[in-house]
>>> print(open('model_11.txt').read())   # compact mmCIF, C-alpha atoms
# COMPACT_ATOMS: atom_id res chain seq x y z
CA MET A 1 145.16 85.71 92.01
CA SER A 2 144.64 86.89 95.57
CA ARG A 3 141.70 89.16 96.19
CA VAL A 4 143.98 91.86 97.61
CA THR A 5 146.07 92.19 94.46
CA VAL A 6 143.15 93.29 92.25
CA PRO A 7 144.15 96.78 91.05
CA ASP A 8 141.94 99.87 90.99
CA VAL A 9 138.86 98.17 92.35
CA ALA A 10 136.01 100.29 93.64
CA PRO A 11 135.10 99.52 97.27
CA LEU A 12 132.11 97.28 97.86
CA ASP A 13 131.03 99.67 100.60
CA PRO A 14 132.77 103.10 100.46
CA ALA A 15 131.41 104.05 103.89
CA PHE A 16 133.02 100.95 105.42
CA THR A 17 136.36 101.71 103.73
CA ASP A 18 136.24 105.32 104.97
CA TYR A 19 135.43 104.16 108.51
CA VAL A 20 138.41 101.80 108.62
CA ALA A 21 140.67 104.51 107.18
CA ALA A 22 139.57 106.98 109.88
CA GLN A 23 140.14 104.43 112.64
CA ALA A 24 143.58 103.65 111.22
CA ASP A 25 144.44 107.36 111.34
CA ASN A 26 143.44 107.48 115.00
CA HIS A 27 145.60 104.41 115.66
CA ALA A 28 148.52 106.01 113.79
CA ASP A 29 148.23 109.20 115.84
CA ALA A 30 148.17 107.25 119.10
CA GLN A 31 151.18 105.11 118.12
CA GLY A 32 153.23 107.89 116.52
CA TRP A 33 153.62 106.28 113.09
CA SER A 34 155.82 107.92 110.48
CA PRO A 35 154.05 109.42 107.42
CA GLY A 36 155.50 106.67 105.21
CA LEU A 37 154.22 103.87 107.43
CA ARG A 38 150.81 105.53 107.72
CA GLU A 39 150.55 105.75 103.92
CA ARG A 40 151.51 102.11 103.38
CA VAL A 41 149.01 100.90 105.99
CA GLN A 42 146.22 103.00 104.48
CA GLN A 43 146.96 101.62 101.01
CA SER A 44 146.81 98.09 102.34
CA LEU A 45 143.59 98.69 104.24
CA TYR A 46 142.01 100.17 101.10
CA LEU A 47 142.87 97.04 99.13
CA LEU A 48 141.45 94.81 101.86
CA THR A 49 138.26 96.71 102.65
CA ALA A 50 137.52 97.29 98.96
CA VAL A 51 136.79 93.59 98.50
CA HIS A 52 135.22 92.87 101.90
CA GLY A 53 131.84 93.94 103.21
CA PRO A 54 131.31 95.65 106.59
CA HIS A 55 130.09 92.44 108.22
CA GLU A 56 132.85 90.24 106.79
CA THR A 57 135.98 89.54 108.79
CA ILE A 58 139.34 89.56 107.03
CA LYS A 59 141.60 86.55 107.39
CA ALA A 60 145.15 87.08 108.64
CA SER A 61 146.28 84.78 105.84
CA THR A 62 144.70 87.23 103.38
CA VAL A 63 146.59 90.12 104.96
CA ALA A 64 149.78 88.12 104.40
CA THR A 65 149.12 88.16 100.62
CA LEU A 66 149.52 91.93 100.42
CA PRO A 67 151.78 93.08 97.57
CA ARG A 68 155.50 92.60 98.15
CA ARG A 69 156.11 96.36 98.15
CA GLN A 70 154.42 96.52 101.57
CA SER A 71 156.97 96.11 104.33
CA ARG A 72 156.63 93.50 107.05
CA ARG A 73 156.12 96.32 109.54
CA ALA A 74 153.19 97.68 107.52
CA VAL A 75 151.60 94.22 107.38
CA LEU A 76 151.92 93.89 111.17
CA ARG A 77 150.31 97.29 111.69
CA VAL A 78 147.46 96.40 109.32
CA THR A 79 146.85 93.29 111.41
CA GLU A 80 146.86 95.41 114.59
CA VAL A 81 144.26 97.83 113.18
CA LEU A 82 141.94 95.04 112.01
CA ALA A 83 142.26 93.23 115.33
CA ALA A 84 141.45 96.43 117.25
CA LEU A 85 138.32 96.87 115.10
CA GLU A 86 137.36 93.20 115.62
CA LEU A 87 137.57 92.67 111.87
CA LEU A 88 140.41 90.13 111.93
CA ASN A 89 139.89 86.40 111.54
CA ASP A 90 143.23 85.21 112.87
CA ASP A 91 143.68 81.94 110.99
CA ARG A 92 147.46 81.91 111.37
CA PRO A 93 148.98 78.75 112.85
CA ASP A 94 149.38 79.00 116.62
CA PRO A 95 153.17 78.96 117.33
CA LEU A 96 152.62 77.32 120.72
CA ASP A 97 150.46 74.60 119.16
CA GLN A 98 153.18 73.90 116.63
CA TRP A 99 155.84 73.76 119.37
CA ILE A 100 153.75 71.37 121.49
CA HIS A 101 153.18 68.98 118.60
CA ARG A 102 156.87 69.05 117.70
CA ARG A 103 157.82 68.13 121.27
CA LEU A 104 155.28 65.29 121.30
CA SER A 105 156.21 63.96 117.86
CA ARG A 106 158.43 61.18 119.30
CA VAL A 107 156.00 60.23 122.07
CA HIS A 108 153.71 57.20 121.53
CA PRO A 109 150.57 58.54 119.72
CA GLU A 110 148.10 57.39 122.41
CA ILE A 111 150.27 58.83 125.19
CA GLY A 112 150.55 62.03 123.16
CA GLU A 113 146.75 62.31 122.99
CA GLU A 114 146.52 61.88 126.75
CA VAL A 115 149.20 64.50 127.32
CA LEU A 116 147.33 66.96 125.08
CA VAL A 117 144.29 66.74 127.37
CA TRP A 118 146.51 67.84 130.28
CA ILE A 119 148.40 70.53 128.40
CA ASN A 120 145.20 72.05 126.96
CA ILE A 121 143.80 72.43 130.47
CA VAL A 122 147.07 74.05 131.59
CA ARG A 123 146.82 76.43 128.61
CA HIS A 124 143.13 77.26 128.64
CA GLY A 125 142.04 76.51 132.19
CA GLY A 126 139.03 74.59 133.35
CA PRO A 127 136.61 74.35 136.28
CA ARG A 128 138.41 75.98 139.21
CA ARG A 129 141.64 76.17 137.20
CA ARG A 130 142.94 79.37 135.69
CA PRO A 131 144.85 79.37 132.38
CA ARG A 132 148.61 79.48 132.72
CA SER A 133 151.07 81.54 130.68
CA PRO A 134 152.72 80.16 127.52
CA ALA A 135 156.02 80.14 129.41
CA THR A 136 154.53 77.90 132.10
CA VAL A 137 153.10 75.59 129.44
CA ARG A 138 156.52 75.28 127.80
CA ASN A 139 158.32 74.73 131.10
CA GLN A 140 155.91 72.05 132.31
CA LEU A 141 155.90 70.12 129.04
CA THR A 142 159.69 70.40 128.74
CA SER A 143 160.04 68.94 132.24
CA ALA A 144 157.65 66.05 131.45
CA ILE A 145 158.98 65.11 127.99
CA PRO A 146 161.96 62.93 129.09
CA PHE A 147 159.67 60.80 131.27
CA LEU A 148 157.08 60.56 128.47
CA LEU A 149 159.74 59.39 126.00
CA ALA A 150 160.88 56.74 128.47
CA CYS A 151 157.26 55.60 128.95
CA SER A 152 156.79 55.40 125.17
CA GLU A 153 159.49 52.75 125.00
CA ARG A 154 157.57 50.50 127.41
CA TYR A 155 153.90 51.48 127.34
CA CYS A 156 151.23 52.63 124.91
CA THR A 157 149.15 54.56 127.47
CA LEU A 158 149.77 56.44 130.71
CA ARG A 159 147.25 54.11 132.41
CA GLN A 160 150.06 51.56 132.54
CA VAL A 161 152.43 53.81 134.52
CA THR A 162 152.99 52.76 138.13
CA ARG A 163 154.15 54.63 141.19
CA GLY A 164 157.35 52.60 141.00
CA ASP A 165 158.00 53.92 137.47
CA LEU A 166 157.70 57.48 138.75
CA THR A 167 159.87 57.10 141.84
CA GLU A 168 162.52 55.21 139.88
CA TRP A 169 162.59 57.93 137.22
CA LEU A 170 162.75 60.82 139.69
CA ALA A 171 165.50 59.09 141.68
CA GLN A 172 167.86 59.27 138.70
CA CYS A 173 167.13 62.97 137.98
CA PRO A 174 169.91 65.27 139.29
CA ALA A 175 167.36 67.91 140.41
CA PRO A 176 163.91 66.33 140.17
CA HIS A 177 161.78 69.15 141.58
CA ASN A 178 160.59 70.59 138.24
CA GLU A 179 159.99 67.12 136.78
CA ALA A 180 158.00 66.08 139.86
CA VAL A 181 155.85 69.22 139.76
CA ALA A 182 155.01 68.67 136.08
CA LEU A 183 154.29 64.95 136.42
CA ARG A 184 152.11 65.43 139.50
CA SER A 185 150.13 68.09 137.63
CA MET A 186 149.75 65.84 134.58
CA PHE A 187 148.59 62.72 136.41
CA LYS A 188 146.27 64.67 138.73
CA THR A 189 144.62 66.34 135.73
CA LEU A 190 144.23 63.08 133.79
CA LYS A 191 142.71 61.39 136.84
CA SER A 192 140.23 64.26 137.22
CA GLN A 193 139.31 63.84 133.54
CA ARG A 194 138.73 60.10 134.18
CA LEU A 195 141.43 59.09 131.73
CA LEU A 196 143.26 57.19 134.48
CA PHE A 197 141.95 54.68 137.01
CA THR A 198 144.46 55.78 139.66
CA ASN A 199 146.92 58.64 140.10
CA PRO A 200 150.41 57.10 140.40
CA ALA A 201 151.92 60.49 141.29
CA ARG A 202 149.73 61.09 144.33
CA GLY A 203 151.95 61.81 147.32
CA VAL A 204 155.18 61.59 145.31
CA SER A 205 157.81 63.87 146.87
CA LEU A 206 158.62 67.03 144.96
CA GLY A 207 162.23 66.93 146.10
CA THR A 208 164.30 69.99 146.91
CA ARG A 209 163.57 73.13 144.94
CA PRO A 210 166.60 74.24 142.92
CA SER A 211 168.78 76.77 144.68
CA THR A 212 167.74 80.40 144.29
CA VAL A 213 170.48 82.01 146.36
CA PRO A 214 172.10 84.60 144.05
CA LYS A 215 175.79 84.21 143.29
CA PRO A 216 178.27 86.85 142.06
CA LEU A 217 179.43 86.81 138.48
CA SER A 218 182.73 85.14 137.79
CA PRO A 219 185.76 87.26 136.77
CA GLU A 220 185.61 85.56 133.36
CA ALA A 221 181.98 86.63 132.86
CA ILE A 222 182.80 90.22 133.85
CA GLN A 223 185.76 90.30 131.47
CA SER A 224 183.62 88.93 128.66
CA MET A 225 181.00 91.64 129.24
CA ALA A 226 183.62 94.39 129.36
CA GLU A 227 185.10 93.30 126.04
CA ALA A 228 181.68 93.13 124.35
CA ALA A 229 180.55 96.47 125.80
CA ALA A 230 183.63 98.23 124.41
CA THR A 231 182.19 97.94 120.88
CA ASP A 232 178.43 98.02 121.64
CA PRO A 233 177.04 101.31 123.07
CA ALA A 234 173.60 99.76 123.78
CA LEU A 235 175.16 96.94 125.79
CA LYS A 236 177.46 99.35 127.63
CA LEU A 237 174.54 101.53 128.72
CA LEU A 238 172.46 98.50 129.64
CA ILE A 239 175.28 97.24 131.85
CA ALA A 240 175.51 100.67 133.49
CA LEU A 241 171.79 100.94 134.21
CA ILE A 242 171.35 97.40 135.52
CA GLY A 243 174.84 96.50 136.75
CA ILE A 244 175.62 99.84 138.47
CA HIS A 245 172.24 101.44 139.20
CA ALA A 246 170.49 98.09 139.77
CA LEU A 247 167.46 98.98 137.68
CA TYR A 248 165.09 96.12 136.98
CA PRO A 249 165.23 95.10 133.30
CA HIS A 250 161.72 96.44 132.70
CA GLN A 251 162.72 99.79 134.26
CA ALA A 252 165.69 100.09 131.91
CA ARG A 253 163.49 99.38 128.89
CA ALA A 254 160.93 101.97 130.01
CA LEU A 255 163.36 104.86 130.65
CA PRO A 256 162.79 107.99 128.52
CA VAL A 257 165.70 109.93 127.03
CA SER A 258 164.88 112.73 129.47
CA ALA A 259 165.86 110.45 132.37
CA ILE A 260 169.52 111.17 131.54
CA ASP A 261 170.05 114.69 132.89
CA PHE A 262 173.57 115.68 131.90
CA VAL A 263 173.18 119.22 133.30
CA ARG A 264 172.24 118.14 136.84
CA GLY A 265 174.27 114.96 136.61
CA ARG A 266 171.33 112.75 137.58
CA LEU A 267 169.57 109.62 136.39
CA ALA A 268 166.02 110.57 137.27
CA HIS A 269 162.64 109.11 136.34
CA GLY A 270 159.72 108.47 138.68
CA ASP A 271 161.08 106.89 141.86
CA ILE A 272 164.57 106.63 140.34
CA ASP A 273 166.94 109.46 141.28
CA HIS A 274 170.63 108.52 141.25
CA PRO A 275 173.84 110.47 140.72
CA LEU A 276 175.11 110.08 137.15
CA GLU A 277 178.62 108.78 137.78
CA THR A 278 181.34 108.86 135.11
CA PHE A 279 180.82 105.42 133.56
CA THR A 280 177.05 105.81 133.12
CA ARG A 281 177.44 109.40 131.88
CA GLN A 282 179.86 108.32 129.15
CA ALA A 283 177.83 105.22 128.26
CA ALA A 284 174.67 107.33 127.92
CA ALA A 285 176.45 109.95 125.80
CA ASP A 286 177.85 107.28 123.47
CA TYR A 287 174.52 105.54 123.04
CA ILE A 288 172.52 108.74 122.53
CA GLU A 289 174.99 109.80 119.83
CA LEU A 290 174.56 106.43 118.11
CA ARG A 291 170.79 106.77 118.49
CA ARG A 292 170.85 110.15 116.72
CA GLU A 293 172.98 108.83 113.89
CA ARG A 294 170.87 105.74 113.30
CA TRP A 295 167.44 107.35 113.78
CA PRO A 296 167.78 111.11 113.12
CA ASN A 297 164.10 111.93 113.70
CA PRO A 298 162.59 109.21 115.89
CA ARG A 299 159.08 109.63 117.23
CA ASN A 300 159.85 107.46 120.25
CA SER A 301 160.83 109.17 123.49
CA HIS A 302 162.23 106.00 125.09
CA LEU A 303 165.98 105.91 125.70
CA PHE A 304 166.41 102.48 124.12
CA ILE A 305 164.82 102.14 120.69
CA SER A 306 165.14 99.77 117.76
CA SER A 307 164.23 99.73 114.10
CA GLN A 308 160.88 98.25 115.19
CA THR A 309 160.08 100.94 117.78
CA ALA A 310 161.86 104.09 116.58
CA TYR A 311 158.77 105.41 114.79
CA SER A 312 156.23 104.31 117.36
CA ARG A 313 155.78 104.97 121.06
CA ALA A 314 156.42 101.43 122.25
CA ALA A 315 159.29 100.39 124.51
CA VAL A 316 161.76 97.80 123.28
CA THR A 317 160.82 94.25 124.22
CA VAL A 318 162.40 91.60 126.41
CA GLY A 319 163.45 89.97 123.13
CA TRP A 320 165.46 93.08 122.20
CA MET A 321 167.29 92.91 125.52
CA GLN A 322 168.01 89.21 125.02
CA VAL A 323 169.54 89.97 121.62
CA VAL A 324 171.78 92.67 123.13
CA LEU A 325 173.00 90.16 125.73
CA ARG A 326 173.23 87.25 123.30
CA GLY A 327 176.46 85.29 123.50
CA LEU A 328 177.30 86.59 126.97
CA PRO A 329 177.40 84.32 130.04
CA VAL A 330 174.93 86.56 131.88
CA THR A 331 171.29 87.59 131.90
CA ALA A 332 169.90 91.00 132.83
CA GLN A 333 168.56 89.51 136.06
CA ARG A 334 171.94 88.05 137.04
CA LEU A 335 173.59 91.39 136.27
CA ARG A 336 171.27 93.11 138.75
CA GLU A 337 171.82 90.39 141.34
CA ASP A 338 175.59 90.87 141.06
CA ARG A 339 175.19 94.57 141.83
CA ILE A 340 173.11 93.85 144.95
CA LEU A 341 175.63 91.25 146.12
CA GLU A 342 178.41 93.79 145.65
CA GLU A 343 176.52 96.25 147.86
CA ALA A 344 175.93 93.56 150.47
CA ALA A 345 179.64 92.71 150.51
CA VAL A 346 180.75 96.29 151.26
CA THR A 347 178.01 97.07 153.82
CA GLY A 348 178.32 94.05 156.09
CA ALA A 349 175.51 92.03 154.51
CA ASP A 350 172.78 94.11 156.16
CA PRO A 351 169.40 92.97 154.72
CA GLN A 352 167.63 96.12 155.91
CA HIS A 353 170.09 98.31 153.99
CA LEU A 354 169.53 96.24 150.83
CA CYS A 355 165.75 96.53 151.16
CA VAL A 356 165.90 100.32 151.44
CA MET A 357 168.50 100.85 148.73
CA PHE A 358 167.12 98.50 146.11
CA ASN A 359 163.40 98.54 146.97
CA ILE A 360 163.23 94.80 147.59
CA THR A 361 161.17 92.84 150.09
CA PRO A 362 162.65 91.60 153.39
CA GLU A 363 162.38 88.01 152.13
CA THR A 364 164.37 88.89 149.01
CA GLY A 365 166.93 90.79 151.10
CA LEU A 366 167.50 87.67 153.21
CA ARG A 367 168.08 85.63 150.06
CA TYR A 368 171.06 87.82 149.22
CA ILE A 369 172.39 87.60 152.76
CA ARG A 370 172.34 83.78 152.59
CA PHE A 371 175.27 83.91 150.19
CA PHE A 372 177.38 85.43 152.99
CA GLN A 373 175.62 83.71 155.90
CA PRO A 374 174.36 80.28 154.73
CA ASP A 375 171.41 78.89 156.64
CA PRO A 376 172.45 75.57 158.24
CA ALA A 377 168.90 74.29 157.64
CA ASP A 378 169.38 74.68 153.89
CA SER A 379 170.92 71.96 151.76
CA GLY A 380 174.06 73.72 150.50
CA ASP A 381 172.88 77.16 149.51
CA ALA A 382 169.35 76.10 148.54
CA SER A 383 166.48 78.39 149.38
CA PRO A 384 162.72 77.79 149.09
CA SER A 385 162.09 81.27 147.68
CA HIS A 386 161.87 82.22 144.06
CA LEU A 387 164.11 84.78 142.42
CA GLU A 388 162.64 88.26 142.29
CA THR A 389 161.18 88.94 138.86
CA SER A 390 161.70 91.90 136.58
>>> encode(input="model_11.txt", output="structure tokens")
Amino acid sequence: MSRVTVPDVAPLDPAFTDYVAAQADNHADAQGWSPGLRERVQQSLYLLTAVHGPHETIKASTVATLPRRQSRRAVLRVTEVLAALELLNDDRPDPLDQWIHRRLSRVHPEIGEEVLVWINIVRHGGPRRRPRSPATVRNQLTSAIPFLLACSERYCTLRQVTRGDLTEWLAQCPAPHNEAVALRSMFKTLKSQRLLFTNPARGVSLGTRPSTVPKPLSPEAIQSMAEAAATDPALKLLIALIGIHALYPHQARALPVSAIDFVRGRLAHGDIDHPLETFTRQAAADYIELRRERWPNPRNSHLFISSQTAYSRAAVTVGWMQVVLRGLPVTAQRLREDRILEEAAVTGADPQHLCVMFNITPETGLRYIRFFQPDPADSGDASPSHLETS
């Protein structure tokens, strides 16, 4: 039987249990927990601290053995409290580790070990190298995997790879820039770790960076969005805020309910102050009505809320937005880009006007103008700049 399922046990150290309970109350006040959630978390923390001493960390796997009557949300909040108090021993499997090993499962074992040296330095950093984000780790390994699988059919170590292998591989890639960046990083790192005698990727061309010139949405994509929005108030309001008012996705997620001012007819919050035109007004009214029906007494002041955030003070996540847009041929970023392109089309493609209206940099403004006035120096509509981020 798990230690946390022992009923009616007296705490090993009552003072320690009381301390954790008081800290959990402070956390609950700060996060705006509902009374029910607060009670479930306190019950769980009592069970855990009753059988652990004040100098003993509590394993995350032990937290996961809490009685079934505790909701998943309560278990997550218990983990948050313990982590904040530095009492959590997080022994849960690392999702990124698991993903990496799955991707390398079909690579030759010795090559896989060599690749892990590179990817661990990308993840955790090293001398004069800062750690990169999990997204960067995933992108770089994803770009390298096809080449690694091809190498595994011929070689048992990356020491056998030649410059000819690399150039031949990159030549058959439709857009080799990302693959070249990843492979150059990998071979440079392995050479610096003295796992290779030479760096076959040294001086290999990175190729042309994929095009980042925004393009308008197709009529089919717009029709698809309109049909989906007709039955989804959250999607309809999201389209209004990003596709009409050109809010960044993170701005839309952070808006409070008070930003919708029906009396003054304004969308106003911080630096945002726009007229509330008919479509957005109706979309906001429909969503707020749905919000009241689904969560009658939410503690969250954000406009967009979910079952995970309604009784806290947190904004909805990027993942929530991705779910709302799931199945549609558009991302939130592309929706915003389409709005800026529409403005450029009706104002003579003036980059200065776009910069002022949408608070974007001159470089980004010129990217939008390139759709209407392609740069002859570019290949097609390719641009060396990155898309603006949300």
>>> closest_atom_pairs(input="model_11.txt", of="stretch 189-278 of chain A", to="stretch 156-162 of chain A", cutoff="9 Å", atoms="all atoms listed in the file", output="JSON lines")
{"residue": "A:Leu195", "atom": "CA", "partner": "A:Arg159", "partner_atom": "CA", "distance": 7.7}
{"residue": "A:Leu196", "atom": "CA", "partner": "A:Arg159", "partner_atom": "CA", "distance": 5.4}
{"residue": "A:Phe197", "atom": "CA", "partner": "A:Arg159", "partner_atom": "CA", "distance": 7.0}
{"residue": "A:Thr198", "atom": "CA", "partner": "A:Arg159", "partner_atom": "CA", "distance": 7.9}
{"residue": "A:Asn199", "atom": "CA", "partner": "A:Thr162", "partner_atom": "CA", "distance": 8.7}
{"residue": "A:Pro200", "atom": "CA", "partner": "A:Thr162", "partner_atom": "CA", "distance": 5.5}
{"residue": "A:Ala201", "atom": "CA", "partner": "A:Thr162", "partner_atom": "CA", "distance": 8.4}
>>> closest_residue(input="model_11.txt", among="A:Met225, A:Ala15, A:Ala314, A:Asp261", to="A:Leu328", atoms="all atoms listed in the file")
A:Met225
>>> residues_around(input="model_11.txt", residues="A:Glu56", least_positions_apart="5", cutoff="10 Å", atoms="all atoms listed in the file", output="PyMOL selection string")
chain A and resi 49+51+87-89
>>> residues_around(input="model_11.txt", residues="A:Ala83", least_positions_apart="6", cutoff="10 Å", atoms="only C-alpha atoms", output="PyMOL selection string")
chain A and resi 57-58+60+77+89-90
>>> residues_around(input="model_11.txt", residues="stretch 133-150 of chain A", least_positions_apart="3", cutoff="12 Å", atoms="only C-alpha atoms", output="PDB file with C-alpha atoms, in the coordinates of the input")
ATOM      1  CA  ASP A  94     149.380  79.000 116.620  1.00  0.00           C
ATOM      2  CA  PRO A  95     153.170  78.960 117.330  1.00  0.00           C
ATOM      3  CA  LEU A  96     152.620  77.320 120.720  1.00  0.00           C
ATOM      4  CA  ASP A  97     150.460  74.600 119.160  1.00  0.00           C
ATOM      5  CA  GLN A  98     153.180  73.900 116.630  1.00  0.00           C
ATOM      6  CA  TRP A  99     155.840  73.760 119.370  1.00  0.00           C
ATOM      7  CA  ILE A 100     153.750  71.370 121.490  1.00  0.00           C
ATOM      8  CA  HIS A 101     153.180  68.980 118.600  1.00  0.00           C
ATOM      9  CA  ARG A 102     156.870  69.050 117.700  1.00  0.00           C
ATOM     10  CA  ARG A 103     157.820  68.130 121.270  1.00  0.00           C
ATOM     11  CA  LEU A 104     155.280  65.290 121.300  1.00  0.00           C
ATOM     12  CA  SER A 105     156.210  63.960 117.860  1.00  0.00           C
ATOM     13  CA  ARG A 106     158.430  61.180 119.300  1.00  0.00           C
ATOM     14  CA  VAL A 107     156.000  60.230 122.070  1.00  0.00           C
ATOM     15  CA  HIS A 108     153.710  57.200 121.530  1.00  0.00           C
ATOM     16  CA  PRO A 109     150.570  58.540 119.720  1.00  0.00           C
ATOM     17  CA  GLU A 110     148.100  57.390 122.410  1.00  0.00           C
ATOM     18  CA  ILE A 111     150.270  58.830 125.190  1.00  0.00           C
ATOM     19  CA  GLY A 112     150.550  62.030 123.160  1.00  0.00           C
ATOM     20  CA  GLU A 113     146.750  62.310 122.990  1.00  0.00           C
ATOM     21  CA  GLU A 114     146.520  61.880 126.750  1.00  0.00           C
ATOM     22  CA  VAL A 115     149.200  64.500 127.320  1.00  0.00           C
ATOM     23  CA  LEU A 116     147.330  66.960 125.080  1.00  0.00           C
ATOM     24  CA  TRP A 118     146.510  67.840 130.280  1.00  0.00           C
ATOM     25  CA  ILE A 119     148.400  70.530 128.400  1.00  0.00           C
ATOM     26  CA  ASN A 120     145.200  72.050 126.960  1.00  0.00           C
ATOM     27  CA  ILE A 121     143.800  72.430 130.470  1.00  0.00           C
ATOM     28  CA  VAL A 122     147.070  74.050 131.590  1.00  0.00           C
ATOM     29  CA  ARG A 123     146.820  76.430 128.610  1.00  0.00           C
ATOM     30  CA  HIS A 124     143.130  77.260 128.640  1.00  0.00           C
ATOM     31  CA  GLY A 125     142.040  76.510 132.190  1.00  0.00           C
ATOM     32  CA  ARG A 130     142.940  79.370 135.690  1.00  0.00           C
ATOM     33  CA  GLU A 153     159.490  52.750 125.000  1.00  0.00           C
ATOM     34  CA  ARG A 154     157.570  50.500 127.410  1.00  0.00           C
ATOM     35  CA  TYR A 155     153.900  51.480 127.340  1.00  0.00           C
ATOM     36  CA  CYS A 156     151.230  52.630 124.910  1.00  0.00           C
ATOM     37  CA  THR A 157     149.150  54.560 127.470  1.00  0.00           C
ATOM     38  CA  LEU A 158     149.770  56.440 130.710  1.00  0.00           C
ATOM     39  CA  VAL A 161     152.430  53.810 134.520  1.00  0.00           C
ATOM     40  CA  ASP A 165     158.000  53.920 137.470  1.00  0.00           C
ATOM     41  CA  LEU A 166     157.700  57.480 138.750  1.00  0.00           C
ATOM     42  CA  THR A 167     159.870  57.100 141.840  1.00  0.00           C
ATOM     43  CA  GLU A 168     162.520  55.210 139.880  1.00  0.00           C
ATOM     44  CA  TRP A 169     162.590  57.930 137.220  1.00  0.00           C
ATOM     45  CA  LEU A 170     162.750  60.820 139.690  1.00  0.00           C
ATOM     46  CA  GLN A 172     167.860  59.270 138.700  1.00  0.00           C
ATOM     47  CA  CYS A 173     167.130  62.970 137.980  1.00  0.00           C
ATOM     48  CA  ALA A 175     167.360  67.910 140.410  1.00  0.00           C
ATOM     49  CA  PRO A 176     163.910  66.330 140.170  1.00  0.00           C
ATOM     50  CA  HIS A 177     161.780  69.150 141.580  1.00  0.00           C
ATOM     51  CA  ASN A 178     160.590  70.590 138.240  1.00  0.00           C
ATOM     52  CA  GLU A 179     159.990  67.120 136.780  1.00  0.00           C
ATOM     53  CA  ALA A 180     158.000  66.080 139.860  1.00  0.00           C
ATOM     54  CA  VAL A 181     155.850  69.220 139.760  1.00  0.00           C
ATOM     55  CA  ALA A 182     155.010  68.670 136.080  1.00  0.00           C
ATOM     56  CA  LEU A 183     154.290  64.950 136.420  1.00  0.00           C
ATOM     57  CA  ARG A 184     152.110  65.430 139.500  1.00  0.00           C
ATOM     58  CA  SER A 185     150.130  68.090 137.630  1.00  0.00           C
ATOM     59  CA  MET A 186     149.750  65.840 134.580  1.00  0.00           C
ATOM     60  CA  PHE A 187     148.590  62.720 136.410  1.00  0.00           C
TER      61      PHE A 187
END
>>> residues_around(input="model_11.txt", residues="A:Pro362", least_positions_apart="5", cutoff="12 Å", atoms="all atoms listed in the file", output="list in words")
Asp350, Pro351, Gln352, His353, Leu354, Cys355, Val356, Met357, Arg367, Tyr368, Ile369, Ser385 and Glu388 of chain A
>>> atom_distance(input="model_11.txt", atom1="atom CA of A:Leu45", atom2="atom CA of A:Asp91")
18.1 Å
>>> closest_residue(input="model_11.txt", among="A:Phe16, A:Tyr311, A:Tyr287, A:Trp295", to="A:Arg73", atoms="all atoms listed in the file")
A:Tyr311
>>> closest_residue(input="model_11.txt", among="A:Gly265, A:Pro275, A:Gly327, A:Pro214", to="A:Gly365", atoms="all atoms listed in the file")
A:Pro214
>>> residues_around(input="model_11.txt", residues="A:Leu48", least_positions_apart="3", cutoff="9 Å", atoms="only C-alpha atoms", output="PyMOL selection string")
chain A and resi 3-4+17+43-45+51-52+58+62-63+66
>>> closest_residue(input="model_11.txt", among="A:Thr331, A:Thr189, A:His245, A:Leu206", to="A:Arg128", atoms="only C-alpha atoms")
A:Thr189
>>> closest_residue(input="model_11.txt", among="A:Ala64, A:Ala171, A:Ala221, A:Ala24", to="A:Ser205", atoms="only C-alpha atoms")
A:Ala171
>>> atom_distance(input="model_11.txt", atom1="atom CA of A:Glu220", atom2="atom CA of A:Arg326")
16.0 Å
>>> closest_residue(input="model_11.txt", among="A:Leu238, A:Ile305, A:Thr364, A:Gly32", to="A:Thr212", atoms="all atoms listed in the file")
A:Thr364
>>> axis_aligned_box(input="model_11.txt", around="stretch 135-145 of chain A", padding_each_side="6 Å", output="JSON")
{"center_x": 156.6, "center_y": 72.6, "center_z": 130.1, "size_x": 18.9, "size_y": 27.0, "size_z": 16.5}
>>> atom_distance(input="model_11.txt", atom1="atom CA of A:Phe262", atom2="atom CA of A:Ser301")
16.6 Å
>>> decode(input="model_11.txt", residues="stretch 350-356 of chain A", atoms="N, CA and C atoms", output="JSON list (two decimals), in the first residue's frame")
[["chain", "number", "residue", "atom", "x", "y", "z"],
["A", 350, "ASP", "N", 2.24, 51.11, -47.81],
["A", 350, "ASP", "CA", 3.14, 52.09, -47.18],
["A", 350, "ASP", "C", 3.72, 51.47, -45.90],
["A", 351, "PRO", "N", 5.01, 51.13, -45.86],
["A", 351, "PRO", "CA", 5.57, 50.46, -44.68],
["A", 351, "PRO", "C", 5.51, 51.33, -43.43],
["A", 352, "GLN", "N", 5.64, 52.64, -43.59],
["A", 352, "GLN", "CA", 5.61, 53.53, -42.43],
["A", 352, "GLN", "C", 4.22, 53.50, -41.78],
["A", 353, "HIS", "N", 3.18, 53.47, -42.60],
["A", 353, "HIS", "CA", 1.82, 53.38, -42.07],
["A", 353, "HIS", "C", 1.63, 52.08, -41.29],
["A", 354, "LEU", "N", 2.13, 50.97, -41.83],
["A", 354, "LEU", "CA", 2.00, 49.68, -41.15],
["A", 354, "LEU", "C", 2.73, 49.68, -39.81],
["A", 355, "CYS", "N", 3.91, 50.30, -39.78],
["A", 355, "CYS", "CA", 4.68, 50.34, -38.53],
["A", 355, "CYS", "C", 3.92, 51.10, -37.45],
["A", 356, "VAL", "N", 3.33, 52.22, -37.82],
["A", 356, "VAL", "CA", 2.60, 53.03, -36.84],
["A", 356, "VAL", "C", 1.32, 52.34, -36.39]]
